[in-house]
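**Student:** start34.cif is reproduced below (mmCIF, C-alpha atoms).
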```cif
data_model
loop_
_atom_site.label_atom_id
_atom_site.label_comp_id
_atom_site.auth_asym_id
_atom_site.auth_seq_id
_atom_site.Cartn_x
_atom_site.Cartn_y
_atom_site.Cartn_z
CA MET A 1 41.43 0.60 15.03
CA LYS A 2 43.86 1.76 12.34
CA THR A 3 42.50 4.86 10.64
CA GLU A 4 44.21 4.04 7.35
CA SER A 5 42.07 0.88 7.03
CA LEU A 6 38.82 2.43 8.26
CA GLN A 7 35.67 1.25 6.52
CA THR A 8 32.50 3.35 6.53
CA HIS A 9 30.13 1.77 9.06
CA LEU A 10 27.33 2.42 11.55
CA VAL A 11 27.85 2.56 15.31
CA ASP A 12 24.86 2.10 17.64
CA TYR A 13 24.42 3.97 20.92
CA ASP A 14 21.86 3.86 23.75
CA LEU A 15 19.33 6.69 23.50
CA GLU A 16 18.40 6.38 27.16
CA ARG A 17 21.97 6.84 28.35
CA TYR A 18 22.91 9.36 25.65
CA PRO A 19 19.65 11.28 24.90
CA LEU A 20 21.27 13.77 22.53
CA PRO A 21 18.30 13.95 20.12
CA GLU A 22 15.92 14.75 22.99
CA ILE A 23 18.24 17.42 24.40
CA VAL A 24 18.42 19.06 20.96
CA ARG A 25 14.64 18.81 20.48
CA ARG A 26 14.11 20.65 23.78
CA GLN A 27 16.66 23.27 22.75
CA PHE A 28 14.56 24.04 19.68
CA GLY A 29 11.28 23.91 21.59
CA VAL A 30 9.50 21.75 19.00
CA ASP A 31 7.55 18.51 19.05
CA GLU A 32 9.33 17.05 16.01
CA LEU A 33 12.80 18.07 14.87
CA ASP A 34 12.14 16.88 11.34
CA GLU A 35 9.42 19.55 11.01
CA ILE A 36 11.47 22.62 12.00
CA HIS A 37 11.44 23.81 8.40
CA THR A 38 7.90 25.05 9.02
CA SER A 39 9.31 27.91 11.11
CA ALA A 40 11.88 29.30 8.64
CA ASP A 41 12.80 29.03 4.99
CA TYR A 42 16.07 29.77 3.18
CA PRO A 43 17.28 30.03 -0.42
CA LEU A 44 19.66 27.28 -1.51
CA LEU A 45 22.56 27.33 0.95
CA THR A 46 26.19 27.64 -0.16
CA ARG A 47 29.50 26.82 1.48
CA GLU A 48 29.78 30.44 2.57
CA ASN A 49 26.45 30.54 4.45
CA ASP A 50 25.57 26.94 5.36
CA GLN A 51 26.49 27.65 9.02
CA LYS A 52 24.51 30.90 9.24
CA THR A 53 20.84 29.99 9.73
CA VAL A 54 18.65 30.77 12.73
CA PHE A 55 18.83 27.06 13.55
CA HIS A 56 22.61 27.20 13.85
CA GLU A 57 22.36 30.23 16.12
CA ARG A 58 19.99 28.32 18.40
CA PHE A 59 22.11 25.18 18.52
CA TYR A 60 25.43 26.85 19.27
CA VAL A 61 24.11 28.29 22.55
CA ILE A 62 23.05 24.86 23.80
CA GLY A 63 23.89 24.16 27.44
CA ASP A 64 26.08 21.86 29.50
CA GLU A 65 23.64 18.93 29.44
CA PHE A 66 24.41 18.42 25.76
CA PHE A 67 28.19 18.68 26.15
CA ASP A 68 28.26 16.44 29.23
CA THR A 69 26.31 13.79 27.31
CA TYR A 70 28.52 14.23 24.24
CA HIS A 71 31.63 13.73 26.37
CA ARG A 72 30.14 10.62 27.99
CA LEU A 73 29.34 9.19 24.56
CA LEU A 74 32.94 9.75 23.47
CA VAL A 75 34.36 8.11 26.60
CA GLU A 76 32.01 5.14 26.77
CA VAL A 77 31.16 4.39 23.12
CA VAL A 78 33.69 5.95 20.75
CA GLN A 79 37.01 5.68 22.60
CA PRO A 80 36.74 1.89 23.17
CA LEU A 81 36.58 1.43 19.38
CA PHE A 82 40.12 2.80 19.12
CA GLY A 83 41.73 1.30 22.22
CA GLU A 84 43.60 4.47 23.14
CA ASN A 85 42.97 8.03 24.26
CA LEU A 86 41.37 10.35 21.73
CA ILE A 87 41.79 13.95 20.73
CA TYR A 88 38.29 15.11 19.82
CA GLN A 89 36.43 18.02 18.25
CA ARG A 90 35.44 20.21 21.19
CA VAL A 91 32.20 21.57 19.69
CA PRO A 92 30.45 19.34 17.14
CA THR A 93 29.48 20.92 13.83
CA PHE A 94 25.72 21.40 13.51
CA ARG A 95 23.89 20.69 10.25
CA VAL A 96 20.31 21.25 9.19
CA HIS A 97 19.08 19.81 5.89
CA LEU A 98 15.81 21.54 5.02
CA PRO A 99 13.44 20.21 2.34
CA GLY A 100 14.37 21.63 -1.05
CA ASN A 101 17.79 22.63 0.23
CA VAL A 102 21.23 21.30 1.17
CA ALA A 103 23.03 21.10 4.51
CA VAL A 104 26.56 21.69 3.20
CA GLY A 105 27.26 23.82 0.18
CA GLU A 106 29.44 21.41 -1.80
CA MET A 107 30.77 17.88 -2.07
CA HIS A 108 34.21 17.83 -0.51
CA ARG A 109 36.97 15.95 1.24
CA ASP A 110 37.85 17.43 4.62
CA ARG A 111 41.49 17.76 3.56
CA ASP A 112 40.21 20.43 1.13
CA TYR A 113 39.58 22.53 4.25
CA SER A 114 42.97 21.83 5.90
CA HIS A 115 41.89 18.88 8.05
CA GLY A 116 44.76 16.50 8.73
CA GLN A 117 45.39 12.81 8.17
CA GLY A 118 44.45 10.64 11.15
CA GLU A 119 41.12 12.35 11.76
CA VAL A 120 38.05 10.09 11.79
CA ASN A 121 34.58 11.52 11.16
CA LEU A 122 31.48 10.59 13.11
CA TRP A 123 28.13 11.75 11.73
CA LEU A 124 25.25 11.65 14.20
CA PRO A 125 21.68 12.47 13.10
CA PHE A 126 19.00 13.56 15.57
CA THR A 127 16.30 12.66 13.04
CA ARG A 128 15.87 9.69 10.74
CA ALA A 129 18.22 10.14 7.78
CA TRP A 130 17.69 8.45 4.43
CA ASP A 131 17.72 8.92 0.66
CA THR A 132 18.11 12.61 -0.26
CA ASN A 133 18.26 13.99 3.30
CA THR A 134 21.21 11.94 4.51
CA VAL A 135 24.96 12.15 3.93
CA TRP A 136 26.39 10.82 0.66
CA ILE A 137 29.88 9.26 0.66
CA GLU A 138 32.07 7.67 -2.01
CA SER A 139 33.02 4.01 -1.50
CA SER A 140 36.77 4.51 -1.89
CA GLU A 141 39.08 7.45 -2.38
CA GLY A 142 38.82 8.81 -5.90
CA SER A 143 35.92 6.61 -7.00
CA ASP A 144 33.47 9.56 -7.08
CA ASP A 145 30.61 7.04 -6.67
CA VAL A 146 28.85 8.89 -3.85
CA ARG A 147 25.76 7.18 -2.48
CA PRO A 148 23.39 7.79 0.46
CA TYR A 149 23.94 6.12 3.84
CA ALA A 150 20.72 5.60 5.80
CA CYS A 151 21.07 6.18 9.53
CA ASP A 152 18.45 5.88 12.28
CA VAL A 153 18.17 7.88 15.47
CA GLY A 154 20.41 6.04 17.94
CA GLN A 155 23.10 5.43 15.34
CA MET A 156 26.11 7.34 14.08
CA LEU A 157 28.15 6.82 10.94
CA MET A 158 31.93 6.53 11.13
CA PHE A 159 33.99 7.24 8.01
CA ASP A 160 37.22 8.67 6.62
CA GLY A 161 36.00 12.18 5.84
CA VAL A 162 39.51 13.49 5.27
CA ASN A 163 39.98 11.37 2.16
CA LEU A 164 36.51 10.27 1.01
CA LEU A 165 34.37 12.62 -1.06
CA HIS A 166 31.16 13.36 0.82
CA GLY A 167 28.34 15.83 1.11
CA ASN A 168 24.65 15.90 0.32
CA VAL A 169 22.11 16.50 -2.41
CA LYS A 170 18.91 18.55 -2.54
CA ASN A 171 16.51 17.19 0.08
CA GLU A 172 13.40 15.83 -1.64
CA THR A 173 12.03 13.81 1.32
CA GLY A 174 9.79 16.52 2.75
CA LYS A 175 11.45 16.08 6.15
CA THR A 176 14.27 18.09 7.72
CA ARG A 177 17.39 16.23 8.76
CA VAL A 178 19.09 17.62 11.87
CA SER A 179 22.55 16.30 12.78
CA VAL A 180 26.01 16.98 14.10
CA ASP A 181 29.34 15.71 12.90
CA PHE A 182 32.60 15.62 14.78
CA ARG A 183 36.13 14.36 14.39
CA VAL A 184 38.40 12.31 16.62
CA ILE A 185 42.09 11.48 16.34
CA PRO A 186 43.84 8.62 18.16
CA GLU A 187 46.30 10.35 20.47
CA SER A 188 49.21 8.42 18.92
CA GLN A 189 48.42 10.05 15.56
CA TYR A 190 47.76 13.59 16.76
CA VAL A 191 50.06 16.34 15.49
CA ALA A 192 49.37 19.99 16.36
CA ARG A 193 49.19 22.11 13.21
CA ASP A 194 49.11 25.81 12.40
CA ALA A 195 46.15 25.43 10.02
CA ALA A 196 42.73 26.72 11.09
CA THR A 197 39.08 25.95 10.41
CA ILE A 198 37.49 27.66 7.43
CA ASN A 199 34.52 29.16 9.30
CA THR A 200 35.52 29.80 12.94
CA LYS A 201 39.29 30.20 12.31
CA LEU A 202 40.12 27.94 15.26
CA SER A 203 43.53 26.28 15.09
CA PHE A 204 43.62 22.50 14.74
CA THR A 205 45.20 22.14 18.18
CA VAL A 206 44.18 20.98 21.66
CA GLY A 207 42.73 24.09 23.25
CA GLY A 208 41.47 25.33 19.89
CA TYR A 209 39.33 23.11 17.67
CA PHE A 210 40.29 19.98 19.59
CA ALA A 211 40.30 18.81 23.22
CA ASP A 212 41.98 15.91 25.02
CA LEU A 213 39.41 13.30 26.07
CA ALA A 214 41.55 12.12 28.99
CA ALA A 215 41.62 15.64 30.40
CA GLY A 216 37.90 15.43 31.23
#
```
Could you rewrite the structure in this file as structure tokens?
**Tutor:**
Amino acid sequence: MKTESLQTHLVDYDLERYPLPEIVRRQFGVDELDEIHTSADYPLLTRENDQKTVFHERFYVIGDEFFDTYHRLLVEVVQPLFGENLIYQRVPTFRVHLPGNVAVGEMHRDRDYSHGQGEVNLWLPFTRAWDTNTVWIESSEGSDDVRPYACDVGQMLMFDGVNLLHGNVKNETGKTRVSVDFRVIPESQYVARDAATINTKLSFTVGGYFADLAAG
């Protein structure tokens, strides 16, 4: 797969072999992830605080079962789509899209936050995602025609988040969307850079924000 010709599309995965939604549900100790808004409420989130909810705190202490399954998904489902080794985001970015709120504070292109060319985004919801609780993406760079992409549990959305405007709108569905997103780079296109992530200040290098899939 050539990243410069990447089209936004869905990728299916086996929920029995990669039970990421179930692992996350158990981490939160709830019956239904799309109802977790009943336990906490927040004012409209902004870019500065959209990673600072109690839900984020709970997710980011998740255990090895999640990361082992995530790694297996990368090796067995994602890497074959590229036909070469991948450099991947070590810890996926967690998102929670509460009713009446947003999951990310602004529409953006990842290059706005120092992400580099060659990165490919994968967006993986743990709850059904549709209409105003899903991710919105423009059809081509600079078109500004963002639209929602529906995605079921057991699917992930692959797109060029570095160059395509994307984000979300106020959730009017009455259901919470819970998801992660992560980035991969074909090894042949990876270049270590001094830039760092906007929130955690990790460098965009293997051993920082990224890891080498072949290293295990």
**Student:** For this file, the PyMOL selection byres ((chain A and resi 36-51) around 8) selects which residues, as a PDB file with C-alpha atoms, in the frame of the given file?
**Tutor:**
```
ATOM      1  CA  VAL A  30       9.500  21.750  19.000  1.00  0.00           C
ATOM      2  CA  GLU A  32       9.330  17.050  16.010  1.00  0.00           C
ATOM      3  CA  LEU A  33      12.800  18.070  14.870  1.00  0.00           C
ATOM      4  CA  ASP A  34      12.140  16.880  11.340  1.00  0.00           C
ATOM      5  CA  GLU A  35       9.420  19.550  11.010  1.00  0.00           C
ATOM      6  CA  LYS A  52      24.510  30.900   9.240  1.00  0.00           C
ATOM      7  CA  THR A  53      20.840  29.990   9.730  1.00  0.00           C
ATOM      8  CA  HIS A  56      22.610  27.200  13.850  1.00  0.00           C
ATOM      9  CA  PHE A  94      25.720  21.400  13.510  1.00  0.00           C
ATOM     10  CA  ARG A  95      23.890  20.690  10.250  1.00  0.00           C
ATOM     11  CA  LEU A  98      15.810  21.540   5.020  1.00  0.00           C
ATOM     12  CA  PRO A  99      13.440  20.210   2.340  1.00  0.00           C
ATOM     13  CA  GLY A 100      14.370  21.630  -1.050  1.00  0.00           C
ATOM     14  CA  ASN A 101      17.790  22.630   0.230  1.00  0.00           C
ATOM     15  CA  VAL A 102      21.230  21.300   1.170  1.00  0.00           C
ATOM     16  CA  ALA A 103      23.030  21.100   4.510  1.00  0.00           C
ATOM     17  CA  VAL A 104      26.560  21.690   3.200  1.00  0.00           C
ATOM     18  CA  GLY A 105      27.260  23.820   0.180  1.00  0.00           C
ATOM     19  CA  GLU A 106      29.440  21.410  -1.800  1.00  0.00           C
ATOM     20  CA  THR A 176      14.270  18.090   7.720  1.00  0.00           C
TER      21      THR A 176
END
```
**Student:** Write out as JSON lines a residue-level contact list of region 65-117 of chain A versus region 121-126 of chain A with cut-off 10 Å: for each qualifying residue the closest pair of atoms and the distance in Å to one decimal, counting all atoms listed in the file, rows sorted by chain and residue number upward.
**Tutor:**
```
{"residue": "A:Val78", "atom": "CA", "partner": "A:Leu122", "partner_atom": "CA", "distance": 9.2}
{"residue": "A:Gln89", "atom": "CA", "partner": "A:Asn121", "partner_atom": "CA", "distance": 9.8}
{"residue": "A:Pro92", "atom": "CA", "partner": "A:Trp123", "partner_atom": "CA", "distance": 9.6}
{"residue": "A:Thr93", "atom": "CA", "partner": "A:Trp123", "partner_atom": "CA", "distance": 9.5}
{"residue": "A:Phe94", "atom": "CA", "partner": "A:Leu124", "partner_atom": "CA", "distance": 9.8}
{"residue": "A:Arg95", "atom": "CA", "partner": "A:Pro125", "partner_atom": "CA", "distance": 9.0}
{"residue": "A:Val96", "atom": "CA", "partner": "A:Pro125", "partner_atom": "CA", "distance": 9.7}
{"residue": "A:Asp110", "atom": "CA", "partner": "A:Asn121", "partner_atom": "CA", "distance": 9.4}
```
**Student:** Which polymer residues, protein or nucleic acid, are no farther than 12 Å from (44.2, 11.9, 16.9), counting all atoms listed in the file, as a count of residues only?
**Tutor:** 36
**Student:** Nearest to Val24 (chain A): which of A:Glu172, A:Asp160, A:Asp64, A:Asp112 is it, counting only C-alpha atoms?
**Tutor:**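 Closest to Val24 (chain A), using only C-alpha atoms: A:Asp64.
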**Student:** What separation in Å, quoted to one decimal, exists between CA of Leu10 (chain A) and CA of Cys151 (chain A)?
**Tutor:**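 Pair CA of Leu10 (chain A) / CA of Cys151 (chain A) returns 7.6 Å.
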**Student:** Evaluate the PyMOL selection byres ((chain A and resi 11) around 7) and record the selected residues as a PyMOL selection string, following the chain and residue labels used in the document.
**Tutor:** chain A and resi 9-10+12-13+155-157
**Student:** Might you spell out which residues the PyMOL selection byres ((chain A and resi 18) around 9) would select in the displayed file, as a ChimeraX atom specification?
**Tutor:** /A:13-17,19-21,69-70,72-73,154
**Student:** So, counting all atoms listed in the file, which residue among A:Val135, A:Val75, A:Ala215, A:Leu164 is closest to His97 (chain A)?
**Tutor:**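 Distance minimum relative to His97 (chain A) lands on A:Val135.
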**Student:** Work out how far CA of Arg90 (chain A) is from CA of Val153 (chain A), in Å to one decimal.
**Tutor:**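 Rounded to one decimal, the two atoms are 22.0 Å apart.
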